[in-house]
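Source file data.txt; content: compact mmCIF, C-alpha atoms and all ligand atoms.
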```txt
# COMPACT_ATOMS: atom_id res chain seq x y z
CA MET M 1 -32.61 18.23 68.91
CA ILE M 2 -32.55 19.51 65.33
CA ASN M 3 -31.48 16.86 62.84
CA ILE M 4 -29.78 17.04 59.47
CA PRO M 5 -32.23 17.43 56.53
CA LYS M 6 -33.17 14.22 54.74
CA GLY M 7 -30.84 13.32 51.89
CA THR M 8 -27.91 15.42 53.13
CA LYS M 9 -24.73 14.26 54.83
CA ASP M 10 -22.17 15.59 57.29
CA VAL M 11 -18.52 15.04 56.54
CA LEU M 12 -17.00 14.12 59.89
CA PRO M 13 -13.50 15.31 60.81
CA SER M 14 -12.37 11.68 60.77
CA GLN M 15 -13.60 11.27 57.17
CA SER M 16 -12.59 14.56 55.56
CA HIS M 17 -9.22 13.21 54.39
CA LYS M 18 -11.17 11.07 51.89
CA TRP M 19 -12.78 14.18 50.42
CA GLN M 20 -9.44 15.95 50.34
CA PHE M 21 -7.84 13.02 48.53
CA ILE M 22 -10.56 13.02 45.88
CA GLU M 23 -10.48 16.80 45.47
CA ASN M 24 -6.68 16.90 45.35
CA THR M 25 -6.66 14.10 42.79
CA ALA M 26 -9.24 16.00 40.72
CA ARG M 27 -7.05 19.11 40.81
CA SER M 28 -3.95 17.14 39.90
CA VAL M 29 -5.74 15.67 36.87
CA ALA M 30 -6.95 19.17 35.95
CA LYS M 31 -3.34 20.33 36.11
CA ILE M 32 -1.92 17.77 33.69
CA PHE M 33 -4.83 18.29 31.28
CA ASN M 34 -4.44 22.09 31.56
CA LEU M 35 -7.99 22.64 32.81
CA LYS M 36 -8.69 25.91 34.62
CA GLU M 37 -11.13 26.06 37.52
CA LEU M 38 -14.42 27.94 37.18
CA ARG M 39 -16.87 28.68 39.96
CA THR M 40 -20.52 29.58 39.51
CA PRO M 41 -23.16 30.50 42.10
CA THR M 42 -25.04 27.83 44.04
CA PHE M 43 -28.32 29.16 42.64
CA GLU M 44 -29.30 30.42 39.21
CA HIS M 45 -32.45 31.69 37.51
CA THR M 46 -34.77 28.68 37.09
CA GLU M 47 -35.04 29.47 33.38
CA LEU M 48 -31.39 28.47 32.85
CA PHE M 49 -32.11 24.85 33.80
CA LEU M 50 -35.49 24.73 32.04
CA ARG M 51 -33.75 25.65 28.82
CA GLY M 52 -30.37 24.09 29.50
CA VAL M 53 -31.18 20.74 31.11
CA GLY M 54 -34.48 20.34 29.27
CA GLU M 55 -38.13 20.31 30.30
CA THR M 56 -38.69 16.62 29.57
CA THR M 57 -35.95 15.41 31.93
CA ASP M 58 -36.46 13.93 35.40
CA VAL M 59 -34.07 16.51 36.79
CA VAL M 60 -36.29 19.40 35.68
CA ASN M 61 -39.65 17.67 36.07
CA LYS M 62 -39.23 16.15 39.49
CA GLU M 63 -35.92 16.93 41.12
CA MET M 64 -35.27 20.67 41.20
CA TYR M 65 -35.13 22.77 44.35
CA THR M 66 -37.03 25.77 43.03
CA PHE M 67 -38.36 28.66 45.08
CA GLU M 68 -39.37 32.27 44.73
CA ASP M 69 -37.01 34.72 46.42
CA LYS M 70 -38.18 37.84 48.25
CA GLY M 71 -37.93 39.82 45.02
CA GLY M 72 -40.37 37.44 43.29
CA ARG M 73 -37.72 35.78 41.08
CA SER M 74 -37.83 32.07 40.42
CA ILE M 75 -34.55 30.66 41.71
CA THR M 76 -33.21 27.09 41.52
CA LEU M 77 -30.35 25.46 43.43
CA LYS M 78 -28.07 24.01 40.77
CA PRO M 79 -28.94 20.38 40.01
CA GLU M 80 -25.77 20.00 37.88
CA GLY M 81 -22.78 22.03 36.77
CA THR M 82 -22.90 22.26 32.99
CA ALA M 83 -25.71 24.79 32.51
CA GLY M 84 -24.07 27.25 34.92
CA ALA M 85 -20.67 26.76 33.28
CA ALA M 86 -22.22 27.45 29.86
CA ARG M 87 -23.93 30.57 31.23
CA LEU M 88 -20.60 31.77 32.66
CA PHE M 89 -18.94 31.21 29.28
CA ILE M 90 -21.62 33.15 27.38
CA GLU M 91 -22.14 35.96 29.88
CA ASN M 92 -18.42 36.72 30.13
CA GLY M 93 -17.88 36.74 26.38
CA LEU M 94 -15.31 33.95 26.51
CA TYR M 95 -15.92 33.25 22.80
CA SER M 96 -13.29 35.87 22.04
CA GLY M 97 -10.57 34.22 24.15
CA ALA M 98 -8.36 31.27 23.29
CA LEU M 99 -10.41 28.27 22.18
CA PRO M 100 -10.85 25.55 23.15
CA LEU M 101 -11.38 26.79 26.69
CA LYS M 102 -10.69 23.92 29.06
CA THR M 103 -12.32 24.14 32.47
CA TYR M 104 -13.21 22.15 35.58
CA TYR M 105 -15.22 22.60 38.76
CA ILE M 106 -15.94 20.98 42.09
CA THR M 107 -19.43 21.89 43.22
CA PRO M 108 -22.38 20.91 45.40
CA CYS M 109 -25.53 19.92 43.45
CA PHE M 110 -29.11 19.67 44.66
CA ARG M 111 -31.79 17.27 43.49
CA TYR M 112 -35.02 16.37 45.24
CA GLU M 113 -34.66 12.59 44.97
CA ARG M 114 -35.60 9.59 47.07
CA PRO M 115 -32.50 9.27 49.26
CA GLN M 116 -30.67 5.93 49.32
CA ALA M 117 -27.04 4.78 49.36
CA GLY M 118 -25.22 6.87 46.75
CA ARG M 119 -28.30 8.99 46.03
CA LEU M 120 -28.58 12.20 48.00
CA ARG M 121 -30.41 15.51 47.84
CA GLU M 122 -27.20 17.43 48.21
CA PHE M 123 -24.20 15.80 46.56
CA HIS M 124 -20.94 16.95 45.02
CA GLN M 125 -19.49 16.71 41.57
CA PHE M 126 -16.08 17.05 40.01
CA GLY M 127 -16.75 18.09 36.43
CA ILE M 128 -14.84 19.04 33.31
CA GLU M 129 -16.16 21.19 30.45
CA ILE M 130 -14.28 21.98 27.23
CA PHE M 131 -15.77 24.73 25.06
CA GLY M 132 -15.16 25.37 21.39
CA SER M 133 -13.89 22.16 19.81
CA PRO M 134 -15.98 19.97 17.50
CA ALA M 135 -13.12 17.49 17.02
CA PRO M 136 -13.33 13.85 18.14
CA GLU M 137 -9.90 14.28 19.78
CA THR M 138 -11.66 16.38 22.40
CA ASP M 139 -14.18 13.62 23.14
CA ALA M 140 -11.31 11.17 23.57
CA GLU M 141 -9.38 13.63 25.75
CA VAL M 142 -12.33 14.23 28.08
CA ILE M 143 -12.93 10.50 28.44
CA PHE M 144 -9.22 9.92 28.97
CA ALA M 145 -9.23 12.59 31.71
CA ALA M 146 -12.10 10.78 33.46
CA SER M 147 -10.31 7.48 33.17
CA THR M 148 -7.05 9.01 34.47
CA PHE M 149 -8.98 10.43 37.44
CA LEU M 150 -10.50 7.04 38.33
CA ASN M 151 -7.13 5.30 37.94
CA LYS M 152 -5.35 7.83 40.15
CA LEU M 153 -7.99 7.30 42.82
CA GLY M 154 -7.33 3.58 42.68
CA VAL M 155 -10.94 2.82 41.74
CA LYS M 156 -11.12 -0.67 40.31
CA ASN M 157 -13.68 -2.55 38.26
CA THR M 158 -15.34 0.25 36.40
CA GLU M 159 -16.52 -0.20 32.87
CA LEU M 160 -16.63 2.59 30.31
CA ARG M 161 -19.90 2.47 28.39
CA LEU M 162 -19.91 4.49 25.23
CA ASN M 163 -22.59 5.53 22.78
CA SER M 164 -23.42 8.20 20.24
CA ILE M 165 -26.84 9.80 20.19
CA GLY M 166 -26.14 11.77 17.00
CA CYS M 167 -26.94 15.32 16.01
CA ARG M 168 -30.29 17.03 15.31
CA ASP M 169 -30.38 15.48 11.83
CA CYS M 170 -29.92 11.87 12.91
CA ARG M 171 -32.28 12.47 15.81
CA LYS M 172 -35.10 13.45 13.47
CA ALA M 173 -35.02 10.12 11.66
CA TYR M 174 -34.48 8.24 14.90
CA ASN M 175 -37.34 9.96 16.76
CA GLN M 176 -39.63 8.94 13.95
CA ALA M 177 -38.47 5.33 14.17
CA LEU M 178 -38.96 5.42 17.96
CA ARG M 179 -42.51 6.77 17.63
CA GLU M 180 -43.37 4.07 15.14
CA TYR M 181 -41.99 1.44 17.52
CA PHE M 182 -43.61 2.79 20.71
CA LYS M 183 -47.00 3.67 19.25
CA PRO M 184 -48.60 0.19 19.53
CA ASN M 185 -47.19 -0.23 23.09
CA LEU M 186 -47.96 3.24 24.38
CA ASP M 187 -50.94 2.25 26.55
CA LYS M 188 -48.68 -0.17 28.48
CA MET M 189 -46.17 2.56 29.32
CA CYS M 190 -46.07 5.00 32.25
CA ALA M 191 -47.71 8.44 32.18
CA THR M 192 -44.33 10.19 31.93
CA CYS M 193 -43.35 8.13 28.92
CA ARG M 194 -46.66 8.92 27.26
CA THR M 195 -45.97 12.66 27.54
CA ARG M 196 -42.40 12.09 26.33
CA PHE M 197 -43.72 10.28 23.25
CA ASP M 198 -44.68 13.57 21.61
CA LYS M 199 -42.10 15.90 23.12
CA ASN M 200 -38.95 13.79 23.20
CA PRO M 201 -39.21 10.03 22.56
CA LEU M 202 -35.46 9.56 23.15
CA ARG M 203 -36.13 10.29 26.85
CA MET M 204 -38.39 7.20 26.98
CA LEU M 205 -35.25 5.06 26.70
CA ASP M 206 -34.07 6.47 30.03
CA CYS M 207 -37.23 5.44 31.93
CA LYS M 208 -36.55 3.45 35.12
CA GLU M 209 -40.06 1.79 35.32
CA GLU M 210 -39.80 -2.00 34.92
CA ASN M 211 -42.64 -2.23 32.39
CA CYS M 212 -41.27 0.57 30.26
CA LYS M 213 -37.76 -0.92 30.42
CA LYS M 214 -39.08 -4.19 28.99
CA ILE M 215 -40.62 -2.38 26.06
CA THR M 216 -37.68 -0.03 25.44
CA SER M 217 -35.21 -2.94 25.29
CA GLY M 218 -36.61 -3.90 21.88
CA ALA M 219 -36.59 -0.34 20.52
CA PRO M 220 -34.59 0.63 17.41
CA LYS M 221 -30.97 1.54 18.19
CA ILE M 222 -29.69 5.06 17.62
CA LEU M 223 -26.40 3.75 16.20
CA ASP M 224 -28.33 2.47 13.16
CA TYR M 225 -29.59 6.00 12.49
CA LEU M 226 -26.40 8.07 12.68
CA CYS M 227 -25.70 10.38 9.74
CA PRO M 228 -22.34 9.78 7.96
CA ASP M 229 -20.73 12.69 9.82
CA CYS M 230 -21.80 11.46 13.28
CA ALA M 231 -20.88 7.88 12.42
CA ALA M 232 -17.36 8.96 11.33
CA HIS M 233 -17.00 11.08 14.49
CA PHE M 234 -17.92 8.09 16.67
CA GLU M 235 -15.49 5.80 14.83
CA LYS M 236 -12.67 8.29 15.36
CA VAL M 237 -13.41 8.61 19.09
CA LYS M 238 -13.24 4.84 19.43
CA THR M 239 -9.96 4.65 17.47
CA LEU M 240 -8.37 7.35 19.64
CA LEU M 241 -9.49 5.67 22.86
CA SER M 242 -8.11 2.31 21.77
CA ALA M 243 -4.82 3.97 20.86
CA GLN M 244 -4.59 5.35 24.44
CA GLY M 245 -5.34 1.91 25.85
CA VAL M 246 -8.76 2.94 27.19
CA ARG M 247 -11.13 -0.01 27.12
CA TYR M 248 -14.82 0.55 26.44
CA THR M 249 -18.06 -1.22 25.63
CA VAL M 250 -20.43 0.29 23.12
CA ASP M 251 -23.80 0.43 24.86
CA PRO M 252 -26.66 1.69 22.66
CA GLU M 253 -28.90 1.96 25.74
CA ILE M 254 -26.98 4.91 27.15
CA VAL M 255 -28.84 8.12 26.36
CA ARG M 256 -28.07 10.09 29.59
CA GLY M 257 -30.59 11.90 31.74
CA LEU M 258 -30.15 15.45 30.43
CA ASP M 259 -31.49 16.83 27.16
CA TYR M 260 -28.46 18.78 25.99
CA TYR M 261 -26.35 15.85 24.85
CA THR M 262 -25.38 15.25 21.19
CA LYS M 263 -23.05 12.71 19.57
CA THR M 264 -20.75 11.05 22.13
CA VAL M 265 -22.25 10.07 25.50
CA PHE M 266 -20.55 7.88 28.10
CA GLU M 267 -20.70 6.53 31.61
CA PHE M 268 -18.20 4.88 33.91
CA VAL M 269 -20.13 2.21 35.77
CA SER M 270 -18.92 0.18 38.71
CA THR M 271 -19.42 -3.54 38.50
CA ASP M 272 -18.98 -3.71 42.30
CA ILE M 273 -21.81 -1.51 43.58
CA GLY M 274 -25.32 -2.10 42.37
CA ALA M 275 -28.06 0.36 41.59
CA GLN M 276 -26.08 3.56 42.09
CA GLY M 277 -23.08 2.23 40.17
CA THR M 278 -22.66 5.12 37.74
CA VAL M 279 -19.79 7.11 39.19
CA CYS M 280 -19.21 9.37 36.23
CA GLY M 281 -21.25 10.47 33.23
CA GLY M 282 -20.76 12.86 30.39
CA GLY M 283 -20.95 13.67 26.75
CA ARG M 284 -20.91 16.24 24.01
CA TYR M 285 -23.43 19.08 24.03
CA ASP M 286 -23.03 20.94 20.76
CA ASN M 287 -26.45 22.65 20.89
CA LEU M 288 -26.55 23.84 24.49
CA LEU M 289 -25.04 27.27 24.02
CA GLU M 290 -27.35 27.99 21.11
CA GLU M 291 -30.34 26.76 23.11
CA LEU M 292 -29.38 29.26 25.80
CA GLY M 293 -29.75 32.01 23.23
CA ALA M 294 -26.06 32.50 22.42
CA ALA M 295 -23.97 31.85 19.32
CA SER M 296 -23.62 28.17 18.53
CA LEU M 297 -20.45 26.57 19.89
CA PRO M 298 -19.62 22.88 20.40
CA ALA M 299 -18.67 21.67 23.88
CA ILE M 300 -18.14 18.47 25.83
CA GLY M 301 -17.75 17.44 29.46
CA PHE M 302 -18.34 14.98 32.26
CA ALA M 303 -19.24 14.98 35.93
CA ALA M 304 -18.30 12.46 38.60
CA GLY M 305 -20.20 12.11 41.89
CA ILE M 306 -17.85 12.42 44.86
CA GLU M 307 -20.13 10.66 47.42
CA ARG M 308 -20.56 7.73 45.05
CA LEU M 309 -16.81 7.48 44.57
CA ILE M 310 -16.23 7.40 48.33
CA LEU M 311 -18.95 4.77 48.72
CA LEU M 312 -17.42 2.66 45.98
CA MET M 313 -13.89 3.04 47.32
CA ASP M 314 -14.96 2.18 50.89
CA ASN M 315 -16.98 -0.82 49.75
CA THR M 316 -14.19 -2.24 47.62
CA GLY M 317 -11.36 -1.70 50.11
CA VAL M 318 -9.49 1.00 48.21
CA GLN M 319 -6.98 2.51 50.65
CA PHE M 320 -7.14 6.26 51.11
CA PRO M 321 -3.85 7.95 52.01
CA GLU M 322 -3.51 8.25 55.78
CA PRO M 323 -4.88 11.46 57.28
CA ASP M 324 -2.34 13.92 58.69
CA ARG M 325 -1.29 13.34 62.27
CA PRO M 326 0.99 15.24 64.64
CA LYS M 327 4.70 14.62 64.26
CA ILE M 328 5.30 15.40 67.91
CA TYR M 329 3.42 16.00 71.13
CA LEU M 330 5.21 18.11 73.76
CA ALA M 331 3.91 17.49 77.28
CA GLY M 332 4.61 19.98 80.06
CA MET M 333 5.03 18.78 83.66
CA ASP M 334 4.70 22.07 85.54
CA GLU M 335 3.64 25.59 84.68
CA PRO M 336 7.03 26.89 83.40
CA SER M 337 7.53 23.67 81.34
CA ARG M 338 4.03 23.94 79.91
CA GLU M 339 4.92 27.44 78.76
CA LEU M 340 8.16 26.14 77.25
CA ALA M 341 6.27 23.33 75.46
CA PHE M 342 3.81 25.90 74.14
CA LYS M 343 6.66 28.07 72.81
CA LEU M 344 8.53 25.11 71.26
CA CYS M 345 5.32 24.00 69.55
CA GLY M 346 4.96 27.46 68.04
CA GLY M 347 8.55 27.33 66.73
CA LEU M 348 8.02 23.90 65.13
CA ARG M 349 4.76 25.01 63.52
CA ALA M 350 6.52 28.05 62.08
CA HIS M 351 8.76 25.52 60.32
CA GLY M 352 5.75 23.65 58.93
CA ILE M 353 5.75 20.81 61.45
CA ASN M 354 2.48 19.44 62.83
CA ALA M 355 3.15 19.81 66.57
CA GLU M 356 0.79 19.61 69.54
CA CYS M 357 0.78 20.45 73.24
CA ASP M 358 -1.78 20.43 76.04
CA LEU M 359 -4.88 22.61 75.84
CA MET M 360 -6.77 20.86 78.65
CA GLY M 361 -4.62 21.32 81.76
CA ARG M 362 -4.06 17.55 81.93
CA SER M 363 -1.52 15.52 83.92
CA VAL M 364 1.54 14.29 81.98
CA LYS M 365 0.10 10.75 81.95
CA ALA M 366 -3.20 11.97 80.51
CA GLN M 367 -1.32 14.11 77.99
CA PHE M 368 0.56 11.03 76.72
CA LYS M 369 -2.69 9.13 76.49
CA TYR M 370 -4.14 11.91 74.37
CA ALA M 371 -0.96 12.00 72.22
CA ASP M 372 -1.44 8.31 71.54
CA LYS M 373 -5.14 8.75 70.68
CA ILE M 374 -4.46 11.45 68.12
CA GLY M 375 -1.70 9.38 66.56
CA ALA M 376 1.33 11.58 67.40
CA ARG M 377 4.44 9.86 66.06
CA TYR M 378 6.76 11.20 68.75
CA ALA M 379 6.19 12.58 72.23
CA ALA M 380 8.38 14.23 74.82
CA ALA M 381 7.77 15.29 78.40
CA ILE M 382 9.35 18.54 79.56
CA GLY M 383 9.89 19.32 83.26
CA ALA M 384 12.25 21.37 85.39
CA ASN M 385 15.16 18.94 84.72
CA GLU M 386 14.76 19.11 80.95
CA ALA M 387 14.40 22.88 81.02
CA GLU M 388 17.62 23.15 82.99
CA SER M 389 19.70 20.60 81.05
CA GLY M 390 18.32 21.73 77.68
CA VAL M 391 17.84 18.07 76.66
CA VAL M 392 14.59 16.09 76.24
CA ASN M 393 13.85 12.43 75.69
CA ILE M 394 11.89 12.06 72.50
CA LYS M 395 9.91 8.85 72.45
CA GLU M 396 8.82 7.18 69.24
CA MET M 397 5.25 6.17 70.05
CA SER M 398 5.07 3.04 67.88
CA THR M 399 8.27 1.43 69.22
CA GLY M 400 8.66 3.05 72.65
CA GLU M 401 12.30 3.81 71.78
CA SER M 402 13.59 7.14 73.00
CA SER M 403 16.49 9.40 72.12
CA ALA M 404 18.04 12.29 74.03
CA VAL M 405 17.77 15.43 71.90
CA LYS M 406 18.85 19.00 72.63
CA ILE M 407 15.81 21.26 72.98
CA ASN M 408 17.14 23.67 70.37
CA GLU M 409 17.71 20.78 67.95
CA ILE M 410 14.23 19.19 68.05
CA TYR M 411 13.45 20.54 64.58
CA GLU M 412 16.64 19.07 63.06
CA TYR M 413 15.86 15.74 64.76
CA LEU M 414 12.28 15.57 63.48
CA ILE M 415 12.93 16.79 59.96
CA LYS M 416 15.13 13.76 59.30
CA ARG M 417 12.34 11.33 60.15
P1 LIG M 501 -28.52 8.49 37.87
O1 LIG M 501 -28.89 7.77 36.62
O2 LIG M 501 -27.74 7.64 38.85
O3 LIG M 501 -29.66 9.22 38.50
P2 LIG M 501 -27.77 10.87 36.51
O4 LIG M 501 -27.79 10.50 35.07
O5 LIG M 501 -28.94 11.58 37.08
O6 LIG M 501 -27.46 9.60 37.42
P3 LIG M 501 -25.76 12.90 36.11
O7 LIG M 501 -26.73 13.99 36.01
O8 LIG M 501 -25.08 12.44 34.89
O9 LIG M 501 -26.44 11.65 36.85
O10 LIG M 501 -24.66 13.25 37.19
C1 LIG M 501 -23.30 12.82 37.10
C2 LIG M 501 -22.90 12.03 38.32
O11 LIG M 501 -23.30 12.67 39.52
C3 LIG M 501 -23.54 10.65 38.43
O12 LIG M 501 -22.86 9.72 37.66
C4 LIG M 501 -23.42 10.36 39.90
O13 LIG M 501 -22.13 9.89 40.22
C5 LIG M 501 -23.62 11.71 40.52
N1 LIG M 501 -25.02 11.88 40.98
C6 LIG M 501 -26.10 12.21 40.25
N2 LIG M 501 -27.20 12.30 41.02
C7 LIG M 501 -26.79 12.04 42.29
C8 LIG M 501 -27.44 12.00 43.57
N3 LIG M 501 -28.72 12.27 43.71
N4 LIG M 501 -26.70 11.68 44.66
C9 LIG M 501 -25.37 11.42 44.56
N5 LIG M 501 -24.71 11.46 43.39
C10 LIG M 501 -25.38 11.76 42.27
MG MG M 502 -30.60 11.02 38.22
```
As a first step, turn the structure in this file into structure tokens.
Ligand code: ATP
Ligand code: MG
Amino acid sequence: MINIPKGTKDVLPSQSHKWQFIENTARSVAKIFNLKELRTPTFEHTELFLRGVGETTDVVNKEMYTFEDKGGRSITLKPEGTAGAARLFIENGLYSGALPLKTYYITPCFRYERPQAGRLREFHQFGIEIFGSPAPETDAEVIFAASTFLNKLGVKNTELRLNSIGCRDCRKAYNQALREYFKPNLDKMCATCRTRFDKNPLRMLDCKEENCKKITSGAPKILDYLCPDCAAHFEKVKTLLSAQGVRYTVDPEIVRGLDYYTKTVFEFVSTDIGAQGTVCGGGRYDNLLEELGAASLPAIGFAAGIERLILLMDNTGVQFPEPDRPKIYLAGMDEPSRELAFKLCGGLRAHGINAECDLMGRSVKAQFKYADKIGARYAAAIGANEAESGVVNIKEMSTGESSAVKINEIYEYLIKR
């Protein structure tokens, strides 16, 4: 027997309605926020993520699925959606179109991680990216879209944690303050943090090692180092969010795991599920396009993990809409009636009705049992008598009540219920 690869998951037919609900909700949010879908390949040149996501991040250092293809190119399965979306924007010259360009995607992502609940090697994200606007209104809009999405799903008990990590200017002063703070403690920190000390001390704040966490908790806070422009931007984002009734907590510890972020960063964290409680994360990335070698253009986005949302919703008893089930099951008693049931089914389906009949050559009793198992709302048995009289008894499965209905009026009967 060949098993599923570690860290991946099947979606069973009995569970797919949950995925469809989340995806449909994502698309309905995209619709009211006027976001247009973009799709990028599952794999990209490795270089895109080295430059885009950043060489000091865990994603690039430890988690990428990178391989050489038969043509000797270094290829990487996308670990996230933003770098590919930015590449699409640049490569297709979308600078010259209407700006801001508001986009979304639903995509698989791949990260070589230690699998656990809510942490997989292949997972899926719903993400939003808005290109071209430096204005704080855009930050507030993106966050409001994320919050609308979570509300529409019925997800409860999430907290919005908000921070600003400033621009290149504020970062310079802040990095210096961080180095001064970490220097005397450096020998107590992990090897990764020690390499980050020179390259990107901000990344040290994102370290998950217990020892490092203890030390980083006393580090200087970025909010004390924001330049006047970044500080004003952050204030405006907060004002706009409050005006929309979006509640948030300012959390100076949030720096996010990817290097491209600037100014506003945020996470929606569940207070109900533990370690993997971050269901959605995002922020502004005003330098990414420039770092990819293109003209500078501000942008902002978020991504929400679909598996984590399902886990959270299942664990907190959020009801998913019921999966589709057949409106009617038509059982045939003999060969001519089975043919009639088959034909009637076809006619109902042509009218958009979920109708079923026997595909197993079963007895009428076994057919009714199957109809019950698959949750058919109504069932009717057709035999020689029914074929001759042109009338069937349609039974409502939940109550056992039945009504005599003319065969050529089954559609009219069902459509009213
Ligand atoms: P974490 O701190 O949990 O590792 P992250 O900062 O690496 O998260 P992002 O890169 O911001 O996560 O991805 C956005 C969202 O995608 C996360 O909030 C989460 O819901 C989901 N996600 C990230 N990594 C995984 C994974 N390995 N398995 C399942 N979902 C994931
Ligand atoms: Mg991660």
task: Excluding Thr107 of chain M and any residue of its chain fewer than 3 positions from it, enumerate the residues within 10 Å of it, using all atoms listed in the file, and give them as a PyMOL selection string.
output: chain M and resi 38-42+78+80-81+104+123-127+305-306
Write a file of the just-selected residues containing C-alpha atoms, as an mmCIF file, in the coordinates of the input.
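After the write, result.cif holds the following:
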```cif
data_model
loop_
_atom_site.group_PDB
_atom_site.id
_atom_site.type_symbol
_atom_site.label_atom_id
_atom_site.label_comp_id
_atom_site.auth_asym_id
_atom_site.auth_seq_id
_atom_site.Cartn_x
_atom_site.Cartn_y
_atom_site.Cartn_z
ATOM 1 C CA LEU M 38 -14.420 27.940 37.180
ATOM 2 C CA ARG M 39 -16.870 28.680 39.960
ATOM 3 C CA THR M 40 -20.520 29.580 39.510
ATOM 4 C CA PRO M 41 -23.160 30.500 42.100
ATOM 5 C CA THR M 42 -25.040 27.830 44.040
ATOM 6 C CA LYS M 78 -28.070 24.010 40.770
ATOM 7 C CA GLU M 80 -25.770 20.000 37.880
ATOM 8 C CA GLY M 81 -22.780 22.030 36.770
ATOM 9 C CA TYR M 104 -13.210 22.150 35.580
ATOM 10 C CA PHE M 123 -24.200 15.800 46.560
ATOM 11 C CA HIS M 124 -20.940 16.950 45.020
ATOM 12 C CA GLN M 125 -19.490 16.710 41.570
ATOM 13 C CA PHE M 126 -16.080 17.050 40.010
ATOM 14 C CA GLY M 127 -16.750 18.090 36.430
ATOM 15 C CA GLY M 305 -20.200 12.110 41.890
ATOM 16 C CA ILE M 306 -17.850 12.420 44.860
#
```
query: Given a cut-off of 9 Å, what residues near ligand MG 502 (chain M) show up using all atoms listed in the file, put as a list of chain:residue names?
result: M:Asp58, M:Val59, M:Glu63, M:Arg111, M:Glu113, M:Arg119, M:Gly257, M:Leu258
- line: Between atom CA of Asp198 of chain M and atom CA of Arg179 of chain M lies a distance of 8.2 Å
Within 10 Å of segment 20-29 of chain M using only C-alpha atoms, minus same-chain residues under 2 positions, as a short mmCIF file (atom, residue, chain, number, x, y, z; two decimals) with C-alpha atoms, keeping the file's coordinate frame:
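In the end it all went to out08.cif:
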```
data_model
loop_
_atom_site.label_atom_id
_atom_site.label_comp_id
_atom_site.auth_asym_id
_atom_site.auth_seq_id
_atom_site.Cartn_x
_atom_site.Cartn_y
_atom_site.Cartn_z
CA GLN M 15 -13.60 11.27 57.17
CA SER M 16 -12.59 14.56 55.56
CA HIS M 17 -9.22 13.21 54.39
CA LYS M 18 -11.17 11.07 51.89
CA LYS M 31 -3.34 20.33 36.11
CA ILE M 32 -1.92 17.77 33.69
CA PHE M 33 -4.83 18.29 31.28
CA ASN M 34 -4.44 22.09 31.56
CA LEU M 35 -7.99 22.64 32.81
CA LYS M 36 -8.69 25.91 34.62
CA GLU M 37 -11.13 26.06 37.52
CA TYR M 104 -13.21 22.15 35.58
CA TYR M 105 -15.22 22.60 38.76
CA ILE M 106 -15.94 20.98 42.09
CA GLN M 125 -19.49 16.71 41.57
CA PHE M 126 -16.08 17.05 40.01
CA GLY M 127 -16.75 18.09 36.43
CA ILE M 128 -14.84 19.04 33.31
CA ALA M 145 -9.23 12.59 31.71
CA ALA M 146 -12.10 10.78 33.46
CA THR M 148 -7.05 9.01 34.47
CA PHE M 149 -8.98 10.43 37.44
CA LEU M 150 -10.50 7.04 38.33
CA LYS M 152 -5.35 7.83 40.15
CA LEU M 153 -7.99 7.30 42.82
CA ALA M 304 -18.30 12.46 38.60
CA ILE M 306 -17.85 12.42 44.86
CA GLU M 307 -20.13 10.66 47.42
CA LEU M 309 -16.81 7.48 44.57
CA ILE M 310 -16.23 7.40 48.33
CA PHE M 320 -7.14 6.26 51.11
CA PRO M 321 -3.85 7.95 52.01
CA GLU M 322 -3.51 8.25 55.78
CA PRO M 323 -4.88 11.46 57.28
#
```
query: From the list M:Pro326, M:Pro108, M:Pro184, M:Pro336, which residue is nearest ligand LIG 501 (chain M) when using all atoms listed in the file?
result: M:Pro108
- prompt: Which of these residues is nearest to Arg417 of chain M, using all atoms listed in the file: M:His351, M:Thr262, M:Arg362, M:Lys327?
  reply: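 Of the candidates, the smallest distance to Arg417 of chain M is held by M:Lys327.
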message: As an exercise, work out the distance from atom CA of Asn151 of chain M to atom CA of Arg284 of chain M in Å and give it to one decimal place.
response: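 A separation of 22.4 Å between them.
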message: When you look at Asn175 of chain M with a cut-off of 10 Å (counting only C-alpha atoms), what residues show up, excluding the ones that are within fewer than 3 positions of it in the same chain? I need them as a PyMOL selection string.
response: chain M and resi 170-172+178-181+197-202+220+222+225
query: Which is closer to ligand LIG 501 (chain M) than all the others in M:Phe266, M:Phe144, M:Phe67, M:Phe182, using only C-alpha atoms and all ligand atoms?
result: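 Ranking M:Phe266, M:Phe144, M:Phe67, M:Phe182 by distance to ligand LIG 501 (chain M), first place goes to M:Phe266.
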query: Mind pulling up the distance from atom CA of Lys9 of chain M to atom CA of Tyr370 of chain M?
result: 28.5 Å
task: Identify, on the basis of only C-alpha atoms, every residue whose closest approach to Tyr411 of chain M does not exceed 7 Å; exclude the query and any residue fewer than 3 positions from it along the same chain; express the result as a PyMOL selection string.
output: chain M and resi 348+414-415
- request: Within 12 Å of Val53 of chain M, counting all atoms listed in the file, which residues show up once you throw out same-chain ones fewer than 4 positions away? Write them as a ChimeraX atom specification, please.
  value: /M:46-49,57-61,63-64,78-84,86,256-261,285,287-289,291-292
query: So which residues fall inside 12 Å of (2.1, 8.1, 68.5) if we count all atoms listed in the file? Mind giving them as a ChimeraX atom specification?
result: /M:325-330,355-356,367-380,394-401
So that all listed atoms of segment 23-31 of chain M fit with 8 Å spare on each side, what axis-aligned box centre and edge lengths in Å, to one decimal, would you give as JSON?
```
{"center_x": -6.9, "center_y": 17.2, "center_z": 40.7, "size_x": 23.1, "size_y": 22.2, "size_z": 25.5}
```
